[in-house]
>>> print(open('input-v3.pdb').read())   # PDB, C-alpha atoms, pLDDT in the B column
ATOM      1  CA  MET A  25     105.206 -70.465  30.950  1.00 53.00           C
ATOM      2  CA  LYS A  26     102.427 -68.731  32.897  1.00 53.00           C
ATOM      3  CA  HIS A  27     103.544 -70.443  36.118  1.00 55.00           C
ATOM      4  CA  THR A  28     107.137 -69.219  35.625  1.00 59.00           C
ATOM      5  CA  LEU A  29     105.969 -65.666  34.948  1.00 47.00           C
ATOM      6  CA  ASN A  30     103.851 -65.649  38.128  1.00 51.00           C
ATOM      7  CA  THR A  31     106.839 -66.895  40.128  1.00 48.00           C
ATOM      8  CA  ILE A  32     109.075 -64.145  38.725  1.00 47.00           C
ATOM      9  CA  ILE A  33     106.477 -61.471  39.504  1.00 47.00           C
ATOM     10  CA  LEU A  34     106.097 -62.799  43.046  1.00 43.00           C
ATOM     11  CA  ILE A  35     109.880 -62.740  43.592  1.00 46.00           C
ATOM     12  CA  ILE A  36     110.092 -59.156  42.302  1.00 45.00           C
ATOM     13  CA  LEU A  37     107.260 -58.034  44.575  1.00 45.00           C
ATOM     14  CA  LEU A  38     108.686 -59.692  47.677  1.00 46.00           C
ATOM     15  CA  THR A  39     112.346 -58.728  47.192  1.00 46.00           C
ATOM     16  CA  PRO A  40     112.156 -55.318  48.944  1.00 48.00           C
ATOM     17  CA  PHE A  41     110.704 -57.009  52.035  1.00 46.00           C
ATOM     18  CA  SER A  42     113.475 -59.571  52.164  1.00 46.00           C
ATOM     19  CA  LEU A  43     116.071 -56.771  52.240  1.00 58.00           C
ATOM     20  CA  CYS A  44     114.609 -55.389  55.470  1.00 67.00           C
ATOM     21  CA  ALA A  45     116.358 -56.741  58.537  1.00 76.00           C
ATOM     22  CA  GLY A  46     113.729 -55.544  60.940  1.00 93.00           C
ATOM     23  CA  THR A  47     113.586 -53.317  63.966  1.00 97.00           C
ATOM     24  CA  LEU A  48     116.275 -51.776  66.152  1.00 98.00           C
ATOM     25  CA  GLU A  49     115.120 -51.027  69.677  1.00 98.00           C
ATOM     26  CA  VAL A  50     117.298 -48.483  71.482  1.00 98.00           C
ATOM     27  CA  ILE A  51     116.914 -48.395  75.267  1.00 97.00           C
ATOM     28  CA  VAL A  52     118.393 -45.341  76.993  1.00 97.00           C
ATOM     29  CA  LYS A  53     119.304 -45.676  80.675  1.00 96.00           C
ATOM     30  CA  GLY A  54     120.927 -43.489  83.271  1.00 95.00           C
ATOM     31  CA  ILE A  55     119.046 -40.297  82.495  1.00 96.00           C
ATOM     32  CA  GLU A  56     119.946 -37.852  85.262  1.00 94.00           C
ATOM     33  CA  ASN A  57     116.710 -35.838  85.291  1.00 93.00           C
ATOM     34  CA  LYS A  58     113.409 -35.427  83.426  1.00 92.00           C
ATOM     35  CA  GLN A  59     114.194 -31.993  82.000  1.00 94.00           C
ATOM     36  CA  GLY A  60     114.247 -31.497  78.252  1.00 96.00           C
ATOM     37  CA  SER A  61     114.478 -34.272  75.706  1.00 97.00           C
ATOM     38  CA  ILE A  62     116.593 -37.127  74.427  1.00 97.00           C
ATOM     39  CA  ASP A  63     117.924 -36.989  70.861  1.00 98.00           C
ATOM     40  CA  ILE A  64     118.602 -40.415  69.335  1.00 98.00           C
ATOM     41  CA  GLY A  65     120.538 -40.500  66.066  1.00 98.00           C
ATOM     42  CA  LEU A  66     121.018 -43.559  63.874  1.00 98.00           C
ATOM     43  CA  TYR A  67     124.028 -43.479  61.543  1.00 98.00           C
ATOM     44  CA  HIS A  68     124.980 -45.873  58.759  1.00 97.00           C
ATOM     45  CA  LYS A  69     128.218 -44.267  57.558  1.00 96.00           C
ATOM     46  CA  LYS A  70     131.534 -43.434  59.172  1.00 97.00           C
ATOM     47  CA  LYS A  71     131.608 -40.048  57.476  1.00 96.00           C
ATOM     48  CA  GLY A  72     129.441 -37.640  59.446  1.00 96.00           C
ATOM     49  CA  PHE A  73     129.159 -39.811  62.554  1.00 98.00           C
ATOM     50  CA  LEU A  74     128.102 -37.651  65.546  1.00 96.00           C
ATOM     51  CA  ASN A  75     126.941 -34.860  63.223  1.00 95.00           C
ATOM     52  CA  PRO A  76     123.162 -34.559  63.715  1.00 93.00           C
ATOM     53  CA  SER A  77     122.694 -33.251  60.169  1.00 94.00           C
ATOM     54  CA  LYS A  78     124.270 -36.484  58.822  1.00 97.00           C
ATOM     55  CA  GLN A  79     121.968 -38.909  60.672  1.00 97.00           C
ATOM     56  CA  TYR A  80     120.394 -41.686  58.651  1.00 98.00           C
ATOM     57  CA  LYS A  81     117.360 -41.448  60.957  1.00 98.00           C
ATOM     58  CA  GLY A  82     116.755 -39.514  64.135  1.00 97.00           C
ATOM     59  CA  ILE A  83     114.155 -38.877  66.789  1.00 97.00           C
ATOM     60  CA  LYS A  84     113.679 -36.376  69.611  1.00 96.00           C
ATOM     61  CA  ARG A  85     111.760 -37.669  72.656  1.00 94.00           C
ATOM     62  CA  LEU A  86     110.449 -35.570  75.507  1.00 93.00           C
ATOM     63  CA  LEU A  87     111.447 -37.024  78.853  1.00 93.00           C
ATOM     64  CA  LYS A  88     109.003 -38.501  81.317  1.00 87.00           C
ATOM     65  CA  ASN A  89     111.171 -41.072  83.145  1.00 86.00           C
ATOM     66  CA  ALA A  90     114.781 -41.919  83.997  1.00 85.00           C
ATOM     67  CA  SER A  91     114.828 -44.230  80.979  1.00 89.00           C
ATOM     68  CA  THR A  92     113.250 -44.205  77.548  1.00 94.00           C
ATOM     69  CA  SER A  93     113.309 -46.272  74.387  1.00 96.00           C
ATOM     70  CA  TYR A  94     112.632 -45.958  70.688  1.00 97.00           C
ATOM     71  CA  ARG A  95     112.205 -48.449  67.844  1.00 98.00           C
ATOM     72  CA  PHE A  96     113.649 -47.751  64.404  1.00 98.00           C
ATOM     73  CA  LYS A  97     111.486 -49.915  62.130  1.00 96.00           C
ATOM     74  CA  HIS A  98     111.923 -51.310  58.621  1.00 96.00           C
ATOM     75  CA  LEU A  99     115.704 -51.068  58.583  1.00 97.00           C
ATOM     76  CA  SER A 100     117.806 -52.800  55.947  1.00 96.00           C
ATOM     77  CA  SER A 101     120.534 -55.236  56.921  1.00 95.00           C
ATOM     78  CA  GLY A 102     123.784 -53.422  57.440  1.00 96.00           C
ATOM     79  CA  VAL A 103     126.182 -51.712  59.799  1.00 97.00           C
ATOM     80  CA  TYR A 104     124.891 -48.938  62.054  1.00 98.00           C
ATOM     81  CA  ALA A 105     125.884 -46.845  65.070  1.00 98.00           C
ATOM     82  CA  VAL A 106     123.730 -44.851  67.504  1.00 98.00           C
ATOM     83  CA  ALA A 107     124.544 -41.562  69.244  1.00 98.00           C
ATOM     84  CA  ILE A 108     122.351 -40.018  71.922  1.00 98.00           C
ATOM     85  CA  PHE A 109     122.379 -36.828  73.926  1.00 97.00           C
ATOM     86  CA  HIS A 110     120.217 -35.439  76.697  1.00 97.00           C
ATOM     87  CA  ASP A 111     119.184 -31.969  75.564  1.00 97.00           C
ATOM     88  CA  SER A 112     118.197 -30.803  79.041  1.00 96.00           C
ATOM     89  CA  ASN A 113     117.635 -27.183  77.971  1.00 96.00           C
ATOM     90  CA  ASN A 114     116.017 -27.989  74.584  1.00 95.00           C
ATOM     91  CA  ASN A 115     118.412 -25.854  72.543  1.00 96.00           C
ATOM     92  CA  ASN A 116     118.880 -28.658  69.950  1.00 94.00           C
ATOM     93  CA  ARG A 117     122.598 -29.148  70.559  1.00 94.00           C
ATOM     94  CA  LEU A 118     124.958 -30.902  72.954  1.00 95.00           C
ATOM     95  CA  ASP A 119     126.298 -28.145  75.182  1.00 96.00           C
ATOM     96  CA  LYS A 120     130.023 -28.272  75.991  1.00 95.00           C
ATOM     97  CA  ASN A 121     132.343 -26.390  78.308  1.00 96.00           C
ATOM     98  CA  PHE A 122     135.312 -24.283  77.132  1.00 95.00           C
ATOM     99  CA  LEU A 123     137.458 -27.450  76.847  1.00 91.00           C
ATOM    100  CA  GLY A 124     134.913 -29.141  74.586  1.00 90.00           C
ATOM    101  CA  ILE A 125     133.726 -31.558  77.286  1.00 91.00           C
ATOM    102  CA  PRO A 126     129.964 -32.210  77.173  1.00 94.00           C
ATOM    103  CA  LYS A 127     127.915 -30.502  79.881  1.00 96.00           C
ATOM    104  CA  GLU A 128     124.851 -32.623  79.044  1.00 97.00           C
ATOM    105  CA  GLY A 129     124.431 -36.390  79.083  1.00 96.00           C
ATOM    106  CA  TYR A 130     125.509 -38.403  76.056  1.00 97.00           C
ATOM    107  CA  GLY A 131     125.952 -42.012  75.014  1.00 97.00           C
ATOM    108  CA  VAL A 132     126.741 -44.207  72.025  1.00 98.00           C
ATOM    109  CA  SER A 133     126.119 -47.773  70.957  1.00 98.00           C
ATOM    110  CA  ASN A 134     128.428 -50.414  72.477  1.00 98.00           C
ATOM    111  CA  ASN A 135     129.053 -48.004  75.408  1.00 97.00           C
ATOM    112  CA  PRO A 136     132.824 -47.773  74.683  1.00 96.00           C
ATOM    113  CA  LYS A 137     135.003 -46.275  77.408  1.00 90.00           C
ATOM    114  CA  THR A 138     137.169 -43.796  75.525  1.00 85.00           C
ATOM    115  CA  PHE A 139     138.734 -40.404  76.055  1.00 83.00           C
ATOM    116  CA  GLY A 140     137.671 -37.925  73.422  1.00 86.00           C
ATOM    117  CA  LYS A 141     135.016 -38.396  70.787  1.00 91.00           C
ATOM    118  CA  PRO A 142     133.880 -41.974  70.217  1.00 95.00           C
ATOM    119  CA  THR A 143     134.546 -43.287  66.717  1.00 97.00           C
ATOM    120  CA  PHE A 144     132.144 -44.994  64.349  1.00 98.00           C
ATOM    121  CA  GLU A 145     134.390 -48.055  64.501  1.00 97.00           C
ATOM    122  CA  ALA A 146     134.024 -48.306  68.296  1.00 97.00           C
ATOM    123  CA  CYS A 147     130.247 -47.842  68.132  1.00 98.00           C
ATOM    124  CA  LYS A 148     129.221 -49.823  65.063  1.00 98.00           C
ATOM    125  CA  PHE A 149     127.178 -53.006  65.102  1.00 98.00           C
ATOM    126  CA  LYS A 150     125.674 -55.252  62.469  1.00 97.00           C
ATOM    127  CA  LEU A 151     121.915 -55.456  62.087  1.00 97.00           C
ATOM    128  CA  GLU A 152     120.663 -58.642  60.447  1.00 94.00           C
ATOM    129  CA  THR A 153     117.386 -59.246  62.317  1.00 93.00           C
ATOM    130  CA  ASN A 154     115.485 -57.499  65.091  1.00 96.00           C
ATOM    131  CA  LYS A 155     117.943 -56.189  67.675  1.00 97.00           C
ATOM    132  CA  LYS A 156     117.829 -54.488  71.065  1.00 98.00           C
ATOM    133  CA  ILE A 157     120.653 -52.330  72.390  1.00 98.00           C
ATOM    134  CA  ILE A 158     121.052 -50.548  75.724  1.00 98.00           C
ATOM    135  CA  ILE A 159     122.914 -47.255  75.932  1.00 98.00           C
ATOM    136  CA  GLU A 160     124.002 -45.801  79.284  1.00 96.00           C
ATOM    137  CA  LEU A 161     124.278 -42.020  79.387  1.00 96.00           C
ATOM    138  CA  ASN A 162     127.438 -40.347  80.684  1.00 95.00           C
ATOM    139  CA  TYR A 163     127.316 -37.029  82.515  1.00 94.00           C
TER     140      TYR A 163
END
>>> encode(input="input-v3.pdb", output="structure tokens")
Amino acid sequence: MKHTLNTIILIILLTPFSLCAGTLEVIVKGIENKQGSIDIGLYHKKKGFLNPSKQYKGIKRLLKNASTSYRFKHLSSGVYAVAIFHDSNNNNRLDKNFLGIPKEGYGVSNNPKTFGKPTFEACKFKLETNKKIIIELNY
């Protein structure tokens, strides 16, 4: 009986760790200049995709090179998408022209070639273990 109870306690204690898939490393390439920062947003739902206030997790990195990377750690298994923009003037938003076309660099996971806003469906990927993705910025 005591052996069974210890086994149950051990399973309960280890269960949260088994739900974690691992780390997502996001590598950003094609940065046009070293001005400003790069905003990397991780999304786990279709609703709110590309809305910075709806990010599951996000990070702002000051630029030092023409590429940068970031690791999102301790993520659960699931479906995610990443959206990035180069905030060259540090005003905390993706600047657009009068037609709504971005004036600053941007990119999304899977690097889909689309006209208009990329969709969650086009950008999503499944995370089951540690994963590395490369996102090329568009200007």
>>> residues_around(input="input-v3.pdb", residues="Gln59 in chain A", least_positions_apart="4", cutoff="12 Å", atoms="all atoms listed in the file", output="ChimeraX atom specification")
/A:55,85-90,110-114,128-129
>>> write_last_selection(input="input-v3.pdb", atoms="C-alpha atoms", output="PDB file, keeping the file's coordinate frame")
ATOM      1  CA  ILE A  55     119.046 -40.297  82.495  1.00 96.00           C
ATOM      2  CA  ARG A  85     111.760 -37.669  72.656  1.00 94.00           C
ATOM      3  CA  LEU A  86     110.449 -35.570  75.507  1.00 93.00           C
ATOM      4  CA  LEU A  87     111.447 -37.024  78.853  1.00 93.00           C
ATOM      5  CA  LYS A  88     109.003 -38.501  81.317  1.00 87.00           C
ATOM      6  CA  ASN A  89     111.171 -41.072  83.145  1.00 86.00           C
ATOM      7  CA  ALA A  90     114.781 -41.919  83.997  1.00 85.00           C
ATOM      8  CA  HIS A 110     120.217 -35.439  76.697  1.00 97.00           C
ATOM      9  CA  ASP A 111     119.184 -31.969  75.564  1.00 97.00           C
ATOM     10  CA  SER A 112     118.197 -30.803  79.041  1.00 96.00           C
ATOM     11  CA  ASN A 113     117.635 -27.183  77.971  1.00 96.00           C
ATOM     12  CA  ASN A 114     116.017 -27.989  74.584  1.00 95.00           C
ATOM     13  CA  GLU A 128     124.851 -32.623  79.044  1.00 97.00           C
ATOM     14  CA  GLY A 129     124.431 -36.390  79.083  1.00 96.00           C
TER      15      GLY A 129
END
>>> residues_around(input="input-v3.pdb", residues="Gly140 in chain A", least_positions_apart="5", cutoff="12 Å", atoms="all atoms listed in the file", output="list of chain:residue names")
A:Leu123, A:Gly124, A:Ile125, A:Pro126
>>> residues_near_point(input="input-v3.pdb", point="(129.1, -43.4, 67.4)", cutoff="12 Å", atoms="all atoms listed in the file", output="PyMOL selection string")
chain A and resi 64-76+79+103-109+130-138+140-149+159
>>> resolve_selection(input="input-v3.pdb", expression="the PyMOL selection byres ((chain A and resi 83) around 6)", output="MDAnalysis selection string")
chainID A and resid 63:64 82 84
>>> closest_residue(input="input-v3.pdb", among="A:Thr153, A:Asn116, A:Asn162, A:Asn57", to="Gly102 in chain A", atoms="all atoms listed in the file")
A:Thr153
>>> resolve_selection(input="input-v3.pdb", expression="the PyMOL selection byres ((chain A and resi 46) around 12)", output="list in words")
Phe41, Ser42, Leu43, Cys44, Ala45, Thr47, Leu48, Glu49, Arg95, Phe96, Lys97, His98, Leu99, Ser100, Ser101, Gly102, Leu151, Glu152, Thr153, Asn154, Lys155 and Lys156 of chain A
>>> atom_distance(input="input-v3.pdb", atom1="CA of Lys120 in chain A", atom2="CA of Ile158 in chain A")
24.0 Å
>>> atom_distance(input="input-v3.pdb", atom1="CA of Val52 in chain A", atom2="CA of Tyr94 in chain A")
8.6 Å
>>> atom_distance(input="input-v3.pdb", atom1="CA of Lys53 in chain A", atom2="CA of Leu118 in chain A")
17.6 Å
>>> decode(input="input-v3.pdb", residues="range 93-151 of chain A", atoms="C-alpha atoms", output="short mmCIF file (atom, residue, chain, number, x, y, z; two decimals), in the first residue's frame")
data_model
loop_
_atom_site.label_atom_id
_atom_site.label_comp_id
_atom_site.auth_asym_id
_atom_site.auth_seq_id
_atom_site.Cartn_x
_atom_site.Cartn_y
_atom_site.Cartn_z
CA SER A 93 17.15 35.27 -31.62
CA TYR A 94 15.06 34.53 -28.56
CA ARG A 95 14.10 31.35 -26.71
CA PHE A 96 10.61 30.89 -25.28
CA LYS A 97 11.16 28.32 -22.53
CA HIS A 98 8.87 25.92 -20.67
CA LEU A 99 6.15 25.87 -23.30
CA SER A 100 3.37 23.29 -23.27
CA SER A 101 2.75 21.06 -26.27
CA GLY A 102 0.37 22.71 -28.66
CA VAL A 103 -0.17 24.87 -31.71
CA TYR A 104 1.52 28.27 -31.89
CA ALA A 105 2.30 31.08 -34.33
CA VAL A 106 4.92 33.85 -34.14
CA ALA A 107 4.66 37.44 -35.39
CA ILE A 108 7.58 39.86 -35.41
CA PHE A 109 8.07 43.48 -36.30
CA HIS A 110 11.07 45.78 -36.42
CA ASP A 111 10.14 48.82 -34.37
CA SER A 112 12.85 51.03 -35.85
CA ASN A 113 11.59 54.21 -34.15
CA ASN A 114 10.65 52.56 -30.81
CA ASN A 115 7.07 53.82 -30.79
CA ASN A 116 5.73 50.35 -29.80
CA ARG A 117 3.68 49.79 -32.95
CA LEU A 118 4.09 48.66 -36.54
CA ASP A 119 3.93 51.85 -38.59
CA LYS A 120 1.91 51.70 -41.82
CA ASN A 121 1.36 54.01 -44.76
CA PHE A 122 -2.04 55.46 -45.74
CA LEU A 123 -2.91 52.20 -47.58
CA GLY A 124 -2.21 50.10 -44.49
CA ILE A 125 1.05 48.68 -45.86
CA PRO A 126 3.77 48.30 -43.20
CA LYS A 127 6.56 50.87 -43.32
CA GLU A 128 8.69 48.82 -40.89
CA GLY A 129 9.98 45.27 -41.21
CA TYR A 130 7.73 42.39 -40.23
CA GLY A 131 7.66 38.61 -40.40
CA VAL A 132 5.68 35.58 -39.27
CA SER A 133 6.32 31.91 -38.66
CA ASN A 134 6.41 29.68 -41.76
CA ASN A 135 7.31 32.79 -43.83
CA PRO A 136 4.14 32.53 -45.99
CA LYS A 137 4.06 34.60 -49.17
CA THR A 138 0.65 36.25 -49.04
CA PHE A 139 -0.97 39.53 -49.99
CA GLY A 140 -2.63 41.19 -47.04
CA LYS A 141 -2.42 40.16 -43.42
CA PRO A 142 -1.08 36.66 -42.79
CA THR A 143 -3.55 34.33 -41.08
CA PHE A 144 -3.02 32.18 -38.02
CA GLU A 145 -3.69 29.15 -40.21
CA ALA A 146 -0.83 30.05 -42.57
CA CYS A 147 1.57 30.72 -39.69
CA LYS A 148 0.75 28.00 -37.18
CA PHE A 149 3.02 25.12 -36.25
CA LYS A 150 2.89 22.31 -33.73
CA LEU A 151 5.30 22.28 -30.82
#
